[in-house]
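> My questions will all concern the structure given below.
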Amino acid sequence: MADLHDTLKALTADTEDVIGLVADLDAAAWQTPTPAPGWSIADQIAHLTFIFRLAKTAAADPRTFEAIAASAANDFNGAVNAALRQFNTLPPEELLTTFQAEAESCVRALAAVPEDEVVPWLVNPLPPTILTCAGIMELFGHGQDIADALGVRRTPTDRLRHLVDFAFLTRDFGYQSRGETPPDEPFRFELTAPSGEIWRIGPEEAAQTVTGPAHDFCLLVTRRRHRDDLALTATGRDAEHWLDIAQAYRGPAGEGRRPGQFTDTDE
């Protein structure tokens, strides 16, 4: 996994890409429905704003963060909806300014944490590098929802490596969200980067493997495309099942996307 400087640099670049998607939208366009049921583009930016504020608080003021996390522990969906209401009623220009400011504050707060220390988070404390990768995952998934709502095709970059590494670490989240027991056997991912480089993660001798384009893989683990629409191949029974349940985030899996819902193809 890359160091904190590199991951924060990628987080900043991904934030700028999301800002670019919405910066020129008029007020009506901010209310465009996205593929996430019930969520508009404004809701997507509001959610990301809240995530950045939460991560900033965790890094800079752990005691306040722990109080926030405790209050949300018994009502996940209620906490998400309450977070949206903090921001999604702001006028678009103010929401975008707030989003950008919270992202910049979050980067500064995480950069100040020594890499060998941990930051409190929703389930377990995380090193700042891994929490940054979680932010990259959030930007990728919610940015994809915005792009899909606008009919925009994003150009993937090798910054996806940070999300791939994070998905390797969070392999078991899909099992946990469904009450299933994760397999003991390790997985190996062999993925083709947008640049054409091959990324190999996991033990070489692993019998359970997933291969294909890294961009497709990231769409899978954020549940922004159905596996049937992605050029991913599993070897091994456990890996085959994992393609059906993969998710790189905690909490409910959500509805995901239907086969054929989107007609775009990858690299």
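Convention: chains lettered A, B, ... in structure tokens order; per-chain residue numbering from 1; ligands numbered from 1 as shown.
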Where in stretch 33-230 of chain A does DSSP assign helix (DSSP H, G or I), given as a VMD selection string?

chain A and resid 41 to 60 62 to 72 76 to 87 92 to 111 128 to 150 160 to 169 173 to 177 214 to 221 227 to 229

> Write out as JSON, numbers by chain the residues lying within 10 Å of A:Asp26, counting only C-alpha atoms and excluding same-chain residues fewer than 5 positions away.

{"A": [31, 92, 93]}

> Point out the residue among A:Asp216, A:Glu138, A:Glu190, A:Asp229 with the least atom-to-atom distance to A:Tyr249, counting only C-alpha atoms.

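When distances to A:Tyr249 are compared using only C-alpha atoms, the smallest one comes from A:Glu138.
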
> What's the separation between atom CA of A:Val164 and atom CA of A:His5, in Å to one decimal place?

17.5 Å

> Provide the atom CA of A:Thr235 to atom CA of A:Thr209 distance in Å, to one decimal place.

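Answer for the atom CA of A:Thr235 to atom CA of A:Thr209 separation: 5.1 Å.
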
> Residues near A:Ala207, anyone? I mean within 10 Å using only C-alpha atoms, not counting same-chain ones fewer than 2 positions away, as a list in words.

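Here the answer would be Glu185, Pro186, Phe187, Arg188, Pro203, Glu204, Glu205, Thr209, Val210, Thr235, Gly236, Arg237, Asp238 and Ala239 of chain A.
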
> Please produce a file of those selected residues containing N, CA and C atoms, as a short mmCIF file (atom, residue, chain, number, x, y, z; two decimals), in the first residue's frame.


data_model
loop_
_atom_site.label_atom_id
_atom_site.label_comp_id
_atom_site.auth_asym_id
_atom_site.auth_seq_id
_atom_site.Cartn_x
_atom_site.Cartn_y
_atom_site.Cartn_z
N GLU A 185 -9.73 -19.32 3.35
CA GLU A 185 -8.76 -19.37 2.26
C GLU A 185 -8.51 -17.97 1.71
N PRO A 186 -7.25 -17.61 1.47
CA PRO A 186 -6.95 -16.27 0.96
C PRO A 186 -7.35 -16.11 -0.50
N PHE A 187 -7.51 -14.86 -0.90
CA PHE A 187 -7.81 -14.50 -2.29
C PHE A 187 -6.58 -13.84 -2.92
N ARG A 188 -6.55 -13.88 -4.25
CA ARG A 188 -5.55 -13.13 -5.01
C ARG A 188 -6.27 -12.36 -6.10
N PRO A 203 -1.53 -13.74 -1.97
CA PRO A 203 -0.53 -14.79 -2.12
C PRO A 203 -0.55 -15.42 -3.51
N GLU A 204 0.63 -15.65 -4.05
CA GLU A 204 0.76 -16.20 -5.40
C GLU A 204 0.13 -17.57 -5.51
N GLU A 205 0.14 -18.33 -4.41
CA GLU A 205 -0.36 -19.71 -4.45
C GLU A 205 -1.87 -19.80 -4.19
N THR A 209 -9.09 -16.71 -7.03
CA THR A 209 -8.56 -15.53 -7.71
C THR A 209 -9.67 -14.77 -8.43
N VAL A 210 -9.44 -13.49 -8.58
CA VAL A 210 -10.30 -12.62 -9.39
C VAL A 210 -9.40 -11.87 -10.36
N THR A 235 -11.90 -17.56 -10.25
CA THR A 235 -11.46 -18.95 -10.22
C THR A 235 -11.60 -19.43 -8.78
N GLY A 236 -12.35 -20.50 -8.58
CA GLY A 236 -12.59 -21.01 -7.24
C GLY A 236 -14.01 -20.69 -6.79
N ARG A 237 -14.60 -21.62 -6.06
CA ARG A 237 -16.00 -21.45 -5.64
C ARG A 237 -16.19 -20.23 -4.75
N ASP A 238 -15.26 -20.00 -3.82
CA ASP A 238 -15.39 -18.85 -2.92
C ASP A 238 -15.28 -17.54 -3.69
N ALA A 239 -14.34 -17.48 -4.61
CA ALA A 239 -14.18 -16.25 -5.39
C ALA A 239 -15.40 -16.00 -6.27
#
